[in-house]
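Heads up, the thing below is written out as structure tokens.
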Amino acid sequence: MTEKLIIIGNGMAPGRMLEYLLEKAAGRYEITIFNAEPRVNYDRIMLSPVLSGEKDYEQIIIHGDGWYIKNGITLYKGHKVVAIDRAAKTVTSDKGVTAAYDKLVIATGSVPFILPVPGNTLPGVLSYRDLDDVQAMLLAAQSRSKAVVIGGGLLGLEAAAGLKERGMDVTVLHLMPTLMERQLDPAAGYMLQQELESRGIKVITKASTKCILGARKVEGVELDDGRIIPATLVVMAAGIKPNAWIAKEAGIATNRGILVDDRMQTSDPDIMSLGECAEVGGHVYGLVAPLYEMARIAAAKLAGEQGPGFVHNDTPTKLKVTGIDVFSLGDFADGEDRQEIVLRDAAAGVYKRLVLKENRIVGTVLYGETADGAWFNDLKKKAIDISDMRETLIFGQAYQGGAPLDPTAAVAALPDDAEICGCNGVCKGKIVSTINDKGLTSLDDVRAHTKASASCGSCTGLVEQVMKFTLGDAYNPIAVQPMCACTTLGHDDVRRLIKAKGLKSIYAVMQELEWKTSCGCAKCRPALNYYLICDWPGEYADDYQSRFINERVHANIQKDGTYSVVPRMWGGVTNARELRAIADVVDKFQIPAVKVTGGQRIDMLGVRKEDLPSVWADLGKAGFVSGHAYAKGLRTVKTCVGSEWCRFGTQDSTGLGIRIEKFMWGSWTPAKVKMAVSGCPRNCAEATCKDVGVICVDSGYEIHFAGAAGLDIKGTEVLGLVKTEDDALEAVVALTQMYREQARYLERIYKWAKRVGIDEIRRQILDDPERRRSYFDRFVHSQKFAQVDPWSERVSGLHKHEFRPLATVGLPQAAE
Amino acid sequence: MQWIAIGQLSDIPQRGARCIKTPHGKVAVFRTGDDRVFAIEDHCPHRGGPLSQGIVHGASVTCPLHNWVISLETGKAQGADEGAVRTIPLKTEGGTIYIASSAAVEAA
């Protein structure tokens, strides 16, 4: 026997539900629909195009009269249900029809929110919900006079654009500071406002409506600030609320909407509800995607199936105004645990913003170019980790897995005499001909034979592009660049394995990690020595034979085999006694050149190697220690005079610089580390191009890092502002330790930071006090073994073999 | 051939080098990780860098100035670089290192 199914409401949700139900269980129910609107099911989403004239009513009908007849459905048009009798299981319409049900579905949709202001019932005040509203607006628009739309949300703006199309003079009043603030961030809201205004729609934000003026019909709107906007038509589009009164009247549980479970079941086992009137899991919905999902679930339940229940999903929002592309999805509020990727193209009117949390998209706002909205939605829905495509993500799907502008083509277009490697003066033609003549296939080969990218390496990418277009598919760069020819492992793997396997000597590393050579090479040995020193302070014995000569003899080798000596001058501060001692040393050892360095130190150049210990002994007597100007370690902390002398100084920058330097000297780092502290934002110590810099400001200390002023020029990134000098020291130290533990040997801070991500570093060092403290503590521990003056050690005889010839043969023994 | 004692094997660190001064310039004496000893001119064929100051690996040394790699056995530049330094005959007996006097004194 067929059961009786009654549906109250004939909108898109129940319409879709019926389609599913007829598919699953045709004939199971005898179906009756009561529709308060005197018409069939039509596509409400398309009301805006009807208003603007792009479509007419016939084109937006979903189910015509024939569909109801064909499926044996009774449709009461223009019948508003006024009572549900749950005991008798009947419903009664305002036209006096009473019908019995076995199952009842309430799909009464929503009602517009009408501002509770005086005058809101005057003729000429409309809402924007159904075809009747649209027809009334179209009628009003014939006057071509003034209209006010209250509400700058999705619906209000569509209404405004439609009315403008129809020739009205339209003003949008919006309570909030920016349009569509629930879907768009302020930037996109601003662009939208600009666009609407350029179309002649006036927009007043922060506009609070006081009352609607008019005697017998609308004449205008008065705002709280007293402004009066004349209008013959006022459209209220300030929101909607679920239409739940009939259910409430019948004693069914309601809250904002009619409460249903995840299968659209109300508190009455024979009554279901879906659509905008239903409240599920604390949410009510106004967009079609979740409503269709409800329809699917309700149909399954009516068909007696047990499918999956309703799950909340963010639904993308799109504005349906021709020529304005806006897309919004999910949650795009800022947050400490969130990062964002923003692309702006002012000329093209494009704004894109992705909000990420834990490498997953949580929100998206697209303005001007929304083609990738679906793709971003998909990534968000599937919670896909986007780390691998982070750099190109914002450009959209088309740019994944392939470069937008083929860089190989760009290099191919270069002339033969274009210089590729500036250090070694190698041009493109030379690289191409050498590759062809010698049959080279690897970057190392090309480096060896042409010297291109063999020095600073900053042209490596270009050289690889040249190889790519010269060799075509024959060139296959391996994903991980090995440390050197002694291993197939890259730096990161080696660092990881040293920790994981507890390897504590160079030989242990080479054995366990299957080095291809017996004792490594000049590339890997210094790297391994550093990694082991960093990872096992106090346990690993520094291997001097694996250090570059400068770090072995604590001076800088010069082109003629002599050395330069730079004593430490804390924070760049010195005095007469120190200067006198330097002058004496220069005279005594006939040092040919003395120069002031960029790091505020004094450099003595041309010292003979065998004189080094004596030079250090004399400098040591004056209180000098090694300046580590030769080291992959902390070199200098440059300062300005700060608040002690300068009329602009905000803090004691000199004091802080000296404090940092005294705390950190002696530490070994992956590459050299240069710091600076400036006493005010005028930045005389040039802290914004250093590895780590501090800019003192009135409110504290701004910590900078990842600057460069060498092969690359790069301003620093701001880590953040800290309040006290102690905080500044802790942040600088923790940051340095993080770099020490993570970077590849010879990788400067700015390159490491680019690889790891500024946000990640900030998260670990500034946002996570525990993590910061543990980095700080590890640095302090390692300093116990590092802060030993290498000069005084050697003056007392350590490694004396380094500085003396083994023997002198065939020379007359000098008698003088 | 006349041999001149120049010092003990233990005077040179493993994977290290010492210099000897001769009338014609310095000679670098190397001790490898497996205790073999070599002597070559302390003058890189590239820009004259002091090879004795380089990092010793296997039976090669990397010049501290521009990273040329020189074979201690043959004196030849390795890899794609072309050039060579003179090698000097040398022997060890009972922990003492001897250098060929004619080579060291006359032709270095």
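Naming works like this for the structure tokens: A, B, ... for the chains as they're shown, residue 1 at the start of each chain, ligands 1 onward in shown order.
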
Checklist entry - Which neighbours of B:His66 fall inside 9 Å, counting only C-alpha atoms, when residues of the same chain fewer than 4 positions from it are skipped, and could you give them as a count of residues only? => result 5

Checklist entry - Taking only C-alpha atoms into account, what are the residues of chain A at most 6 Å from chain B, put as an NGL selection string? => result :A and (448-449 or 519 or 521-522 or 549 or 805-811)

Next on the checklist: Please identify the helix (DSSP H, G or I) residues within stretch 552-753 of chain A (assignment by DSSP from backbone atoms) and present them as a PyMOL selection string.
Outcome noted: chain A and resi 552-553+570-572+576-588+609-621+642-644+653-664+687-689+725-742+749-753
